[in-house]
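First up is the structure itself, then whatever we jot down about it.
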Amino acid sequence: MLSDRYLTDDAAALPLARELYEVMQQYPILSPHGHIDPKLILENKAFANPVELLVTPDHYITRMLYSQGVSYESLAIPRKDGSCNEVDPKMVWKILADKWHLFRGTPSRIWVQEILYTLFGIDEVLTPDNASSVYEVIDSKLKSAEFLPQALFNKFKIEVLATTDATADDLSTHKAIRSLGLAGRVIPTFRPDDVSDPLRADFKSAIAKLGAAAGVEITSFAALQQALRKQREFFKSMGATATDHGVFSAQTLLASDAEKENLFKQVMQGADLATVEKYRAVMLMEHALMSADDGLVMQLHPGSLRNYDQQIFEKYGADRGFDIPVSLTFTKELQPLLNAVGHSPNFKMVLYTLDEATYSRELAPLAGAYPSVRLGPPWWFLDSLNGMARWRDAITETAGYYNTVGFIDDTRAFCSVPVRHDVARRFDAGYLAKEVMRHRINKSEALELAADVAYNLSKDFFIL
Amino acid sequence: MLSDRYLTDDAAALPLARELYEVMQQYPILSPHGHIDPKLILENKAFANPVELLVTPDHYITRMLYSQGVSYESLAIPRKDGSCNEVDPKMVWKILADKWHLFRGTPSRIWVQEILYTLFGIDEVLTPDNASSVYEVIDSKLKSAEFLPQALFNKFKIEVLATTDATADDLSTHKAIRSLGLAGRVIPTFRPDDVSDPLRADFKSAIAKLGAAAGVEITSFAALQQALRKQREFFKSMGATATDHGVFSAQTLLASDAEKENLFKQVMQGADLATVEKYRAVMLMEHALMSADDGLVMQLHPGSLRNYDQQIFEKYGADRGFDIPVSLTFTKELQPLLNAVGHSPNFKMVLYTLDEATYSRELAPLAGAYPSVRLGPPWWFLDSLNGMARWRDAITETAGYYNTVGFIDDTRAFCSVPVRHDVARRFDAGYLAKEVMRHRINKSEALELAADVAYNLSKDFFIL
Amino acid sequence: MLSDRYLTDDAAALPLARELYEVMQQYPILSPHGHIDPKLILENKAFANPVELLVTPDHYITRMLYSQGVSYESLAIPRKDGSCNEVDPKMVWKILADKWHLFRGTPSRIWVQEILYTLFGIDEVLTPDNASSVYEVIDSKLKSAEFLPQALFNKFKIEVLATTDATADDLSTHKAIRSLGLAGRVIPTFRPDDVSDPLRADFKSAIAKLGAAAGVEITSFAALQQALRKQREFFKSMGATATDHGVFSAQTLLASDAEKENLFKQVMQGADLATVEKYRAVMLMEHALMSADDGLVMQLHPGSLRNYDQQIFEKYGADRGFDIPVSLTFTKELQPLLNAVGHSPNFKMVLYTLDEATYSRELAPLAGAYPSVRLGPPWWFLDSLNGMARWRDAITETAGYYNTVGFIDDTRAFCSVPVRHDVARRFDAGYLAKEVMRHRINKSEALELAADVAYNLSKDFFIL
């Protein structure tokens, strides 16, 4: 049955999977980590067309089309300089439909089809034949009031939606959203990547902006610390409960104040790679120390080599599908940090990875020992039915369920928020039902776990 | 039912798996990567006996026997110096039968039993008891005309069989095969390993041979380039559509002409390891640049530490089962190459690995972004039912089906060509059927994918 | 049915799985690798209470409780200095019951529940509600004669139990056990970690103790060799058949006598890390060379970063759940060793790993080639139902079944010995039954494999 989709392929486990899914569906969505632009909620503009809703902003979609010869120009991907090829969105939609077979077996295919089905009532697979009628159905509905972002926000039963925000953000958008009377909360997340990596082109300007925002002239590491602490407090006062750290390596380093000042001086003058790496490692540690103080949950996402392709980056900028993961290790890298704050009552850290070899080898043993450490769910390329199966399979026996947090959608595509959570819940319902079949938990435990995995784990750990 | 073997263990998925397998079986075999000696086809000599057919040339078989105390002498493995212990083939066959339990669960067991069944009509598992009768059945059939290589070639429904050939090969064997009027084509593949790795004992002689073949005196990098280009063109004119690169590391490096000349000088004089590694990285890049010109598909097989065991290598030479894989990474290594030619309309690359950690981490993200990159199927140790399951499971969600190529048999054992393709098709039929059960594709999509995976993907990408 | 637990979730495979499990259950337990204190057997004291039986000595249990905020003080974990918080064991048991949900999905949960069920007749999941009645049932039974260690040893049908012993141990406990007339044997294992790693705090004292035990003054590498050889012979005379090497890296190095003497001098004076690493690599090689002489089976367990957490180590000492695995490679590291003794008729090595990426990549290819190498079963964190499935899945196709050894329990918790073996047998019975369903082996082969996996493989390779 269509309603049983993605639950389980084991007929014996299906009735229980359905029951568990029912339990999970009673809970609203907690989205403690994502990349929805809060302006989208505040401004409440209608989505211009199906392409702006589902194609252009989604680099999972556009990179796959690119990988099979579709140019970014033909998709009207905005260039780095802000300019953009003018293309009739119907032509872009036509390309998507013509190439929809490329997505067979991918989570993008599932998410888009789930949006078509649950939001627009379209239960057909997209094909070249139905492309234009599907376009028309979506396009006409987008014009209606119930498809405005704020209406959708309420319809999606979102209890908390965390955005990702620069350290210097004045959070005026978040302030304005608070007064909208939405059914759920939109909260910021503190993301200090730009002031932590001296190799970023915007490093110095980000430091300057942070200083301006915090009212601190950042001419020393101490001043940087002060500015960061002030902004973290400000974010906290605006509802933030977490920070987010997208880094290349998980390396951390405990340094003395003198060493920190020296490093800061060096990187502001332009330092060699070894010094840059030390600075990055010190900054990660710095945020861990601050988290142990202010209680913001530290999220660590290492291991992606960003802007891998020079041509694409130069023409179209970041986040265009050309961030490629690298081999990753955590054990030695996190040792300084965990020895410093791993047992601090106030410190909390969530670890994500793109290297599945780290699941059973490093992440589960760490999360299964340190009270401060939890495993984040499968991230990015790994947020998929098989990816979730490999994750639960590899980590549960060492870390259990309770050293994880619930699902995160990590998305820029607003309408994919509810369907991503729904697919994850369907997967988990099936997984737990199978575990009962395998005699590893009993039914009442599965029912409890269903609620915990769908809601309580994130509610508690992310302090939502 | 025996006819359903390897399709699926899910009764609900079986009817569709059968239907998909039927579709796949209608297609002839495309073998774009393998190691059959073309002389075997041309000379059309009868296989001497079951041992020469199934044991001696297959290092998958002989290494397993060796691993449990069977000496290479007792198997009459030829020594490096060309000499060979004289052993009655019936005694070797007896050893194989006595030790056949060692192969339980291995693909070698499946392939040999499939050959026994489909080619010789023997449906029993080989045992010490039936060893001699099985030997006799095979041996007598091998004498008959229908078991001569050319007859088998036609019987196997091979549309294209690619061999692997040295850069200096005059391809006279291929030329002669062309006039045989076989039902399918035999084409060469350009393999420049010997002229790319200064640490190979035959490096200088290979360079000299290449020069002789191309009519170029190779005293500079420019001359080497010229010779390689000429031979690549020659191979192309003889039907080649691809090159093959068996390297230790995937490292690539873009160098100036002056740097290249300097490197060439150094390695011809005997350079240190760092220089050797630079040269190798430059040679990989060189072939990528040439591929972007001449359109030969570049196949990259890194990560095997060849001739691992000194004793075995010194006594029996290469390819004796003692090549052991190492930990592998692609992301940083291929960045220079992909930044140079990754978007070139004429450039095509197929990536293979022996390190499964790279599947979801690096290979699928690369193939899911670059139009020039495709994932090769599970290779060598990983060409197995479980290996194929892990491969599809790990890569499909990020790369889809269409950023892969079809099955390659990669074999030296002629009679295993059709059975290897058959086992892969059975696996894929079952896999696709399960995907329909899991609601990820519908039946008509599965039917289309069956044809694409069995035939069209390789046909198109390898330009067969 | 409860009696079918952990066999298989495939109804079609269940009847055969039951049959195979019956075969396996006829065999006594061979435990060639574990950490039971032999004094426990010799002294034959009653276990004080359920906590001393099941909680305090099991760092799998205590680390998980710690990971969710339970202090080691509240569990009465002994401190490094020998002191211990006094806590009513009933309070500790109450904590375990309150937090028992943390263990859902873990092997610890299975093992404890299996002990409750098979040993104490309790078939309920532990809950806060039944905590005190469960405590009472266990506690009262522990007082009875049939729950004394020697009675349990016989009841468990243990044929051989190997302990782990320091190089200087006089094995008087083992000597005394021999005269008890137990139904099975208790044998020592030679573990030279303390005299092999100069960075251990007890390195020099361990060398001194070894010298004293062997009657050799260890002032040179030659003397160290002599002492080691004498003690290995002594262990052998006391029934030992194996050595055990818990190392950080698998690196090996062949050195001349002069180099060895020089290294020894340097590390005794306090050497830098590079020298320490050389010494460790030389010591691994040394034991391999000695094994090739005396035939003790060399067990290699690399890849754990021991005593990761400074606070925990300083307060509670080693083995407290804070040993974290690292990324691991074997191929290059073992090349010197395997080139030295890999083909020696007397040399035998068992390889274990905590990095599953090495299963298909390195370990199976090595074990599938070298007659001296066998894969050890999933170890530590990986000794679990999913872990065993991933292991068999990843290695069998390359190494087969016969290049592995049987299950090892690797435990400090005496009562978990039989249940760990039982769970492994249940898993294997289900695995083999599925393999028959998948047409990869036939039923008579599965029956043979069941006996081999449960008993014969370890019996033969460990010379038990």
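In the structure tokens, chains take letters A, B, ... by order of appearance, with residues numbered from 1 within each chain and ligands from 1 in the order shown.
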- Task: Can you check which residues of chain C have any atom within 6 Å of chain A? Use only C-alpha atoms and format it as a ChimeraX atom specification.
- Result: /C:63-64,67-69,102-103,105-106,309,325,355
Would you mind exporting the chosen residues as a short mmCIF file (atom, residue, chain, number, x, y, z; two decimals), in the first residue's frame, restricted to all heavy atoms?
```cif
data_model
loop_
_atom_site.label_atom_id
_atom_site.label_comp_id
_atom_site.auth_asym_id
_atom_site.auth_seq_id
_atom_site.Cartn_x
_atom_site.Cartn_y
_atom_site.Cartn_z
N ARG C 63 30.63 1.99 31.23
CA ARG C 63 30.86 3.15 30.36
C ARG C 63 29.54 3.68 29.80
O ARG C 63 29.36 4.88 29.62
CB ARG C 63 31.84 2.83 29.22
CG ARG C 63 31.31 1.87 28.20
CD ARG C 63 31.87 2.04 26.79
NE ARG C 63 31.28 1.02 25.93
CZ ARG C 63 30.21 1.22 25.16
NH1 ARG C 63 29.63 2.39 25.11
NH2 ARG C 63 29.71 0.23 24.43
N MET C 64 28.61 2.75 29.49
CA MET C 64 27.33 3.21 28.96
C MET C 64 26.57 4.01 30.00
O MET C 64 25.97 5.05 29.69
CB MET C 64 26.50 2.01 28.50
CG MET C 64 25.14 2.37 27.93
SD MET C 64 25.24 3.35 26.40
CE MET C 64 25.06 2.04 25.17
N SER C 67 28.14 7.33 30.23
CA SER C 67 27.84 8.18 29.06
C SER C 67 26.52 8.91 29.21
O SER C 67 26.22 9.81 28.44
CB SER C 67 27.81 7.34 27.78
OG SER C 67 26.56 6.68 27.64
N GLN C 68 25.71 8.48 30.20
CA GLN C 68 24.43 9.16 30.40
C GLN C 68 24.35 9.72 31.81
O GLN C 68 23.28 9.78 32.42
CB GLN C 68 23.28 8.22 30.10
CG GLN C 68 23.17 7.88 28.62
CD GLN C 68 22.31 8.87 27.84
OE1 GLN C 68 21.40 9.48 28.37
NE2 GLN C 68 22.61 9.02 26.55
N GLY C 69 25.53 10.12 32.33
CA GLY C 69 25.52 10.92 33.54
C GLY C 69 25.62 10.17 34.86
O GLY C 69 25.53 10.78 35.91
N LEU C 102 18.95 2.34 28.24
CA LEU C 102 20.13 2.80 27.47
C LEU C 102 20.75 1.67 26.66
O LEU C 102 21.42 1.91 25.66
CB LEU C 102 21.20 3.35 28.41
CG LEU C 102 20.82 4.52 29.30
CD1 LEU C 102 22.00 4.91 30.18
CD2 LEU C 102 20.37 5.71 28.45
N PHE C 103 20.56 0.45 27.14
CA PHE C 103 21.23 -0.70 26.52
C PHE C 103 20.41 -1.35 25.40
O PHE C 103 20.88 -2.31 24.78
CB PHE C 103 21.57 -1.73 27.59
CG PHE C 103 22.60 -1.22 28.57
CD1 PHE C 103 22.23 -0.52 29.71
CD2 PHE C 103 23.96 -1.43 28.34
CE1 PHE C 103 23.18 -0.04 30.60
CE2 PHE C 103 24.92 -0.96 29.22
CZ PHE C 103 24.53 -0.26 30.36
N GLY C 105 19.25 -2.56 22.13
CA GLY C 105 19.98 -2.70 20.86
C GLY C 105 21.45 -3.05 21.02
O GLY C 105 22.13 -3.25 20.02
N THR C 106 21.94 -3.11 22.25
CA THR C 106 23.38 -3.41 22.45
C THR C 106 23.60 -4.88 22.80
O THR C 106 22.71 -5.53 23.34
CB THR C 106 23.96 -2.56 23.60
OG1 THR C 106 23.42 -3.03 24.85
CG2 THR C 106 23.63 -1.09 23.44
N ASP C 309 41.15 9.08 28.07
CA ASP C 309 40.74 10.20 28.92
C ASP C 309 41.62 10.30 30.16
O ASP C 309 41.68 9.39 30.97
CB ASP C 309 39.28 10.02 29.34
CG ASP C 309 38.76 11.28 29.99
OD1 ASP C 309 38.25 12.15 29.25
OD2 ASP C 309 38.90 11.42 31.22
N PRO C 325 39.05 3.41 19.51
CA PRO C 325 39.76 2.95 18.31
C PRO C 325 40.20 4.09 17.38
O PRO C 325 39.64 5.18 17.42
CB PRO C 325 38.72 2.07 17.60
CG PRO C 325 37.72 1.72 18.65
CD PRO C 325 37.69 2.89 19.59
N ASP C 355 38.68 -1.60 13.17
CA ASP C 355 38.39 -0.74 12.02
C ASP C 355 37.84 -1.62 10.91
O ASP C 355 38.58 -2.28 10.18
CB ASP C 355 39.68 -0.04 11.58
CG ASP C 355 39.43 0.94 10.44
OD1 ASP C 355 38.32 0.94 9.88
OD2 ASP C 355 40.36 1.69 10.11
#
```
- Could you name the residues that touch range 212-223 of chain C at 10 Å or less, counting only C-alpha atoms, but leaving out those on the same chain fewer than 4 positions away, as a ChimeraX atom specification? /C:167-170,206-208,227-232,234,257-265,268
- Query: In Å, with one decimal, what is the gap from CA of Met91 in chain B to CA of Trp111 in chain B?
  - Reply: 21.5 Å
- Item | Top pick for closest residue to Ile110 in chain C, considering C:Ala166, C:Ile29, C:Met290, C:Ile61 and counting only C-alpha atoms | C:Ile61
- Task: Show which residues sit within 12 Å of Phe147 in chain A, as number ranges by chain. Count only C-alpha atoms, and ignore same-chain residues fewer than 2 positions away.
- Result: A: 41, 44-50, 53, 119-120, 138-145, 149-156, 414-415
Residues from the last selection, C-alpha atoms, saved as a compact mmCIF listing (two decimals), in the first residue's frame:
```
# COMPACT_ATOMS: atom_id res chain seq x y z
CA ILE A 41 9.36 33.07 6.59
CA ASN A 44 6.03 35.47 3.27
CA LYS A 45 6.25 35.93 -0.48
CA ALA A 46 4.64 33.34 -2.71
CA PHE A 47 7.10 30.98 -4.39
CA ALA A 48 7.43 32.26 -7.95
CA ASN A 49 7.03 28.89 -9.65
CA PRO A 50 7.79 25.17 -9.28
CA LEU A 53 10.41 25.95 -5.19
CA LEU A 119 1.59 18.92 -0.69
CA PHE A 120 0.17 19.02 -4.20
CA ILE A 138 2.02 23.17 -8.63
CA ASP A 139 2.18 26.61 -10.15
CA SER A 140 -1.48 27.34 -9.64
CA LYS A 141 -1.44 26.16 -6.03
CA LEU A 142 1.61 28.27 -5.26
CA LYS A 143 -0.50 31.32 -6.02
CA SER A 144 -2.98 30.48 -3.24
CA ALA A 145 -2.76 31.79 0.32
CA PRO A 149 5.57 30.31 3.63
CA GLN A 150 3.90 31.21 6.93
CA ALA A 151 0.83 29.15 6.14
CA LEU A 152 3.09 26.26 5.18
CA PHE A 153 5.11 26.68 8.37
CA ASN A 154 1.98 26.18 10.42
CA LYS A 155 0.70 23.40 8.20
CA PHE A 156 4.02 21.53 8.55
CA PHE A 414 11.64 24.67 2.83
CA CYS A 415 9.04 22.25 1.51
```
- Message: Applying 9 Å and only C-alpha atoms, which residues near range 127-136 of chain B remain after dropping the ones on its own chain fewer than 6 positions away? List them as an MDAnalysis selection string.
- Response: chainID B and resid 49:51 90 93:101 116
